[in-house]
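Colleague: Have a look at this one before I ask anything.
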Amino acid sequence: MACLGVFVAYFPVTTVAVSLPVVQQALGASTSDLTWVTSAYVLPVAALVLTAGVFGDVHGRKRVFNAGLGCCALGSAVALSAQSITQVWIGQVLLGVAAAALLPMSLALISHAVPDPRERGKYIGLWTTSMMGALAVGPLVAGVIVEHAAWRWIYLLPIPLSLVTVIVSGFLLTESRSHLQRKLDWPGQATAALAIVSLVYGVIEGGATSFGDVRVVVALAAAVCFGAAFILVERSSSSPMLDLSLFRSTAFTGSALVVMISFLGLIGFFFVFSLYMGMVQHLSTWDAGLRLLVVTALPMVLGTAVGRLMRHMSARTLITGGLVIASAGLFSLVDVGADTSFGALAWRLALIGLGLGLAFPCVTATAISSVPHHLASMASAGNNAFRQVGGALGPAILGTLLTSKAVGALSGHLSAAGLATATRQQVLDAVDAGGLGAVAGLDLGRETGPALYAVSESFLDGLRLSLLVSAVLLLAGAGLAAWLLRPSREPRHAGAVAARGGGPVRDGERRRTTAADLR
């Protein structure tokens with residue numbers, strides 16, 4: 001059930017990502033609008049995943065799990081009937097709310113069923129395989145649908161999947177709750193949600209307009225203020241949504257930072273690379289899906305093997321090595337062009353997939369195993385929150401870099417193409433009003449070909465910058481993993497709250513609590 005839940009939650013990620021060029025053409029959306037399509041899904045996950053974990057602990061994990069599946073069916077139905085980009089956003093928001101419930105609950109179900117941390121690693125490997133399986137299957141399903149039907153039908157499959165999973169879970173799952181007396185932390189939820197939404201809004205709109213714009217400055221300042229308020233609220237709360245003493249564990253802190261930075265680079269990569277395949281290489285959705293399958297299939301295949309490998313190798317080694325390999329794959333993509341063949345791309349994309357397959361199962365397992373058993377739900381929710389914050393910022397930051405660099409380079413490429421001054425201005429005005437994709441709708445006569453070539457070259461300039469930043473981010477994640485996940489003989493503060501008394505506990509106490517929980 002946990003594997004089905006995470007599959008349903010992640011299925012829309014690459015299904016929608018690979019369809020963005022088609023959505024753009026059908027609805028006349030700008031690049032900024034497309035960024036919001038991705039962020040509309042990721043923002044609710046980042047903002048609500050911690051509260052969903054508390055809801056599960058208080059009201060029952062099975063109940064919240066099934067509620068998430070129901071919300072997924074509803075969001076898919078809304079997007080399936082979309083006639084405007086705004087309705088797509090609404091459907092994506094509902095799908096994000098569903099994922100916020102499904103991600104922590106699926107991991108909590110595993111933790112409840114398999115209390116032994118060593119044995120649990122194997123099942124978390126299966127969980128990661130299901131997650132990567134959804135990312136792998138999504139583009140292929142979208143490719144088949146877009147080739148033979150309207151793009152909206154990409155939202156059909158999650159509806160029966162969700163409903164069938166609800167029915168099956170009624171027979172297979174038993175209800176479970178945390179034995180701790182947790183309460184819903186509404187002030188923490190409100191400040192966290194406002195901080196995340198303000199931050200992503202500021203980044204996206206700053207890239208679309210200017211970071212000096214009053215709205216952008218206010219949004220970024222609000223993000224800082226709400227973030228500070230969240231910390232103050234959580235420190236004083238008797239039942240915090242995210243107990244800040246978790247961060248006294250370097251293993252939990254390291255896994256949270258690594259997954260946030262890595263997903264920032266990864267989801268940002270999916271976003272800009274999907275646009276490259278559609279706008280520059282003019283690939284069909286199916287062909288684009290096949291290329292992304294090289295990235296997503298390897299982690300799916302490796303999931304179970306990595307779960308077993310975790311018994312014999314340290315998480316630090318696997319995470320650091322995996323992120324270095326993935327970073328090398330991204331660095332190798334920096335020289336791609338409009339006519340780069342599938343064969344030339346395949347080995348580079350395979351490096352990314354291999355690295356992610358080694359790293360990601362270990363990151364999740366490390367976060368959960370670094371705290372006592374009774375705090376596994378909070379730890380998994382916290383890890384997922386950092387994952388989704390990175391996922392929300394990825395398209396926003398890398399999309400902004402791509403657009404800013406491409407638009408800045410466009411004038412030079414138009415001049416180099418020998419276009420008349422009036423034509424150059426017409427193209428620049430179209431891009432200013434509707435984004436780079438708007439140039440395809442212009443009738444420039446004989447100058448249409450050179451104009452589109454100039455736009456393509458400008459896009460490649462932005463793409464190369466985005467890929468370079470993505471590679472550096474994964475390399476930074478590898479450095480953090482090597483630093484924060486290093487073994488130490490000195491006792492560390494565990495990221496936990498004692499089963500009795502509610503205060504932070506030291507490492508030795510954490511081990512005794514964990515052993516008691518497992519017995």
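Identifiers in this document derive from the order of the structure tokens: chains are assigned A, B, ..., residues are numbered from 1 separately in each chain, and ligands are numbered from 1 in order of occurrence.
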Can you pull out the residues contacting Tyr155 of chain A? Cut-off 10 Å, using only C-alpha atoms, and skip same-chain residues under 6 positions away; I want them as a list in words.

Modeller: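 My reading of the contact set: Phe11, Pro12, Thr15, Val16, Ala73, Gly75, Ser76, Ala77, Val78, Ala79, Leu80, Ser81, Gly91, Ala142 and Ile145 of chain A.
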
Colleague: Near Asp33 of chain A, counting only C-alpha atoms, which residues have an atom at most 9 Å away, once you skip same-chain residues fewer than 3 positions from it, shown as a PyMOL selection string?

Modeller: chain A and resi 24+29-30+36-37+85

Colleague: When you draw a straight line from atom CA of Phe360 of chain A to atom CA of Gly391 of chain A, how long is it in Å?

Modeller: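 Between these atoms lies a distance of 13.9 Å.
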
Colleague: Excluding same-chain residues fewer than 5 positions from Lys62 of chain A, what lies within 12 Å of it counting only C-alpha atoms, as a CSV table (one decimal) with N, CA and C atoms, in the first residue's frame?

Modeller:
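Contents of part35.csv, as written:
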chain,number,residue,atom,x,y,z
A,1,MET,N,0.8,-1.2,0.0
A,1,MET,CA,0.0,0.0,0.0
A,1,MET,C,0.9,1.3,0.0
A,2,ALA,N,1.9,1.2,0.8
A,2,ALA,CA,2.8,2.4,0.8
A,2,ALA,C,3.4,2.7,-0.5
A,5,GLY,N,0.8,4.2,-2.8
A,5,GLY,CA,0.6,5.6,-2.4
A,5,GLY,C,1.6,6.5,-2.9
A,52,ALA,N,0.3,17.2,7.7
A,52,ALA,CA,-0.3,15.9,7.4
A,52,ALA,C,0.3,14.8,8.2
A,53,GLY,N,1.6,14.9,8.5
A,53,GLY,CA,2.2,13.9,9.4
A,53,GLY,C,1.5,13.9,10.8
A,55,PHE,N,-1.5,15.1,11.5
A,55,PHE,CA,-2.9,14.6,11.3
A,55,PHE,C,-2.9,13.0,11.4
A,56,GLY,N,-1.9,12.4,10.7
A,56,GLY,CA,-1.9,11.0,10.8
A,56,GLY,C,-1.6,10.4,12.2
A,57,ASP,N,-0.7,11.1,12.9
A,57,ASP,CA,-0.4,10.6,14.2
A,57,ASP,C,-1.6,10.8,15.2
A,67,ALA,N,-7.6,9.7,2.7
A,67,ALA,CA,-8.1,11.0,2.3
A,67,ALA,C,-7.2,11.6,1.2
A,68,GLY,N,-5.9,11.4,1.3
A,68,GLY,CA,-5.0,11.8,0.3
A,68,GLY,C,-5.3,11.2,-1.1
A,69,LEU,N,-5.7,9.9,-1.1
A,69,LEU,CA,-6.0,9.3,-2.3
A,69,LEU,C,-7.3,9.9,-2.9
A,101,ALA,N,-0.4,14.4,1.9
A,101,ALA,CA,-0.9,13.4,2.8
A,101,ALA,C,-0.2,12.1,2.5
A,102,LEU,N,-0.1,11.7,1.3
A,102,LEU,CA,0.4,10.4,0.9
A,102,LEU,C,1.9,10.1,1.2
A,104,PRO,N,4.2,11.4,3.7
A,104,PRO,CA,4.6,11.0,5.0
A,104,PRO,C,3.8,9.8,5.5
A,105,MET,N,2.5,9.6,5.1
A,105,MET,CA,1.8,8.5,5.6
A,105,MET,C,2.3,7.2,5.0
A,106,SER,N,2.8,7.2,3.8
A,106,SER,CA,3.3,5.9,3.2
A,106,SER,C,4.6,5.5,3.9
A,107,LEU,N,5.4,6.5,4.2
A,107,LEU,CA,6.6,6.1,5.0
A,107,LEU,C,6.3,5.7,6.4
A,108,ALA,N,5.3,6.4,7.0
A,108,ALA,CA,4.9,6.0,8.4
A,108,ALA,C,4.3,4.6,8.4
A,109,LEU,N,3.6,4.2,7.4
A,109,LEU,CA,3.1,2.9,7.3
A,109,LEU,C,4.2,1.8,7.3
A,110,ILE,N,5.3,2.2,6.5
A,110,ILE,CA,6.4,1.3,6.5
A,110,ILE,C,7.1,1.2,7.9
A,112,HIS,N,5.8,1.7,10.8
A,112,HIS,CA,4.9,1.0,11.7
A,112,HIS,C,5.0,-0.5,11.5
A,165,THR,N,-6.9,1.9,-4.9
A,165,THR,CA,-6.0,1.8,-3.8
A,165,THR,C,-6.8,2.0,-2.5
A,166,VAL,N,-7.8,2.9,-2.5
A,166,VAL,CA,-8.6,3.2,-1.3
A,166,VAL,C,-9.4,1.9,-1.0
A,167,ILE,N,-9.9,1.2,-2.0
A,167,ILE,CA,-10.7,0.0,-1.7
A,167,ILE,C,-9.8,-1.1,-1.2
A,168,VAL,N,-8.6,-1.3,-1.8
A,168,VAL,CA,-7.7,-2.4,-1.3
A,168,VAL,C,-7.2,-2.1,0.1
A,169,SER,N,-6.9,-0.8,0.4
A,169,SER,CA,-6.4,-0.5,1.7
A,169,SER,C,-7.4,-0.8,2.8
A,170,GLY,N,-8.7,-0.7,2.4
A,170,GLY,CA,-9.7,-1.0,3.4
A,170,GLY,C,-9.6,-2.5,3.9
A,171,PHE,N,-9.0,-3.3,3.1
A,171,PHE,CA,-8.9,-4.8,3.5
A,171,PHE,C,-7.5,-5.1,4.1
A,172,LEU,N,-6.5,-4.4,3.6
A,172,LEU,CA,-5.1,-4.7,4.0
A,172,LEU,C,-4.5,-3.9,5.1
A,173,LEU,N,-4.9,-2.7,5.2
A,173,LEU,CA,-4.3,-1.8,6.2
A,173,LEU,C,-5.0,-1.8,7.5
A,174,THR,N,-4.3,-1.8,8.6
A,174,THR,CA,-4.9,-1.6,10.0
A,174,THR,C,-4.5,-0.1,10.4
A,175,GLU,N,-5.4,0.4,11.2
A,175,GLU,CA,-5.2,1.8,11.6
A,175,GLU,C,-4.1,1.9,12.7
A,176,SER,N,-3.3,2.9,12.6
A,176,SER,CA,-2.3,3.2,13.6
A,176,SER,C,-2.2,4.6,13.9
A,177,ARG,N,-1.7,4.9,15.1
A,177,ARG,CA,-1.6,6.3,15.6
A,177,ARG,C,-0.3,6.4,16.4

Colleague: Which of these residues is nearest to Gly477 of chain A, using only C-alpha atoms: A:Gln189, A:Ser314, A:Ser262, A:Ser380?

Modeller: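 The closest residue to Gly477 of chain A is A:Ser262.
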
Colleague: For Val146 of chain A, which of A:Ala392, A:Val114, A:Leu220, A:Ala288 is the closest residue, counting only C-alpha atoms?

Modeller: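 For Val146 of chain A, the nearest of the candidates is A:Ala288.
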
Colleague: Can you tell me which residues surround Pro395 of chain A at a distance of at most 6 Å, considering only C-alpha atoms, apart from same-chain residues fewer than 2 positions away, and format the answer as a PyMOL selection string?

Modeller: chain A and resi 268+271+393+397-399

Colleague: Can you work out which one of A:Ser411, A:Asp432, A:Met310, A:Thr250 has the shortest atom-to-atom distance to Arg486 of chain A, counting only C-alpha atoms?

Modeller: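 Among the listed residues, the smallest separation from Arg486 of chain A belongs to A:Thr250.
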
Colleague: When you look at Gly28 of chain A with a cut-off of 10 Å (counting only C-alpha atoms), what residues show up, excluding the ones that are within fewer than 3 positions of it in the same chain? I need them as number ranges by chain.

Modeller: A: 22-25, 31, 33, 84-85, 434, 437-438

Colleague: Using only C-alpha atoms, please write the residues we just selected to a file, as an mmCIF file, in the first residue's frame.

Modeller:
data_model
loop_
_atom_site.group_PDB
_atom_site.id
_atom_site.type_symbol
_atom_site.label_atom_id
_atom_site.label_comp_id
_atom_site.auth_asym_id
_atom_site.auth_seq_id
_atom_site.Cartn_x
_atom_site.Cartn_y
_atom_site.Cartn_z
ATOM 1 C CA VAL A 22 1.954 20.930 -25.432
ATOM 2 C CA VAL A 23 0.111 22.696 -22.592
ATOM 3 C CA GLN A 24 1.875 25.925 -23.522
ATOM 4 C CA GLN A 25 0.728 25.711 -27.122
ATOM 5 C CA THR A 31 7.154 30.336 -19.343
ATOM 6 C CA ASP A 33 2.714 30.325 -16.300
ATOM 7 C CA SER A 84 -7.670 27.414 -18.955
ATOM 8 C CA ILE A 85 -4.254 27.547 -17.330
ATOM 9 C CA GLY A 434 4.396 36.177 -24.106
ATOM 10 C CA GLY A 437 7.403 30.446 -27.148
ATOM 11 C CA ALA A 438 5.447 33.410 -28.557
#
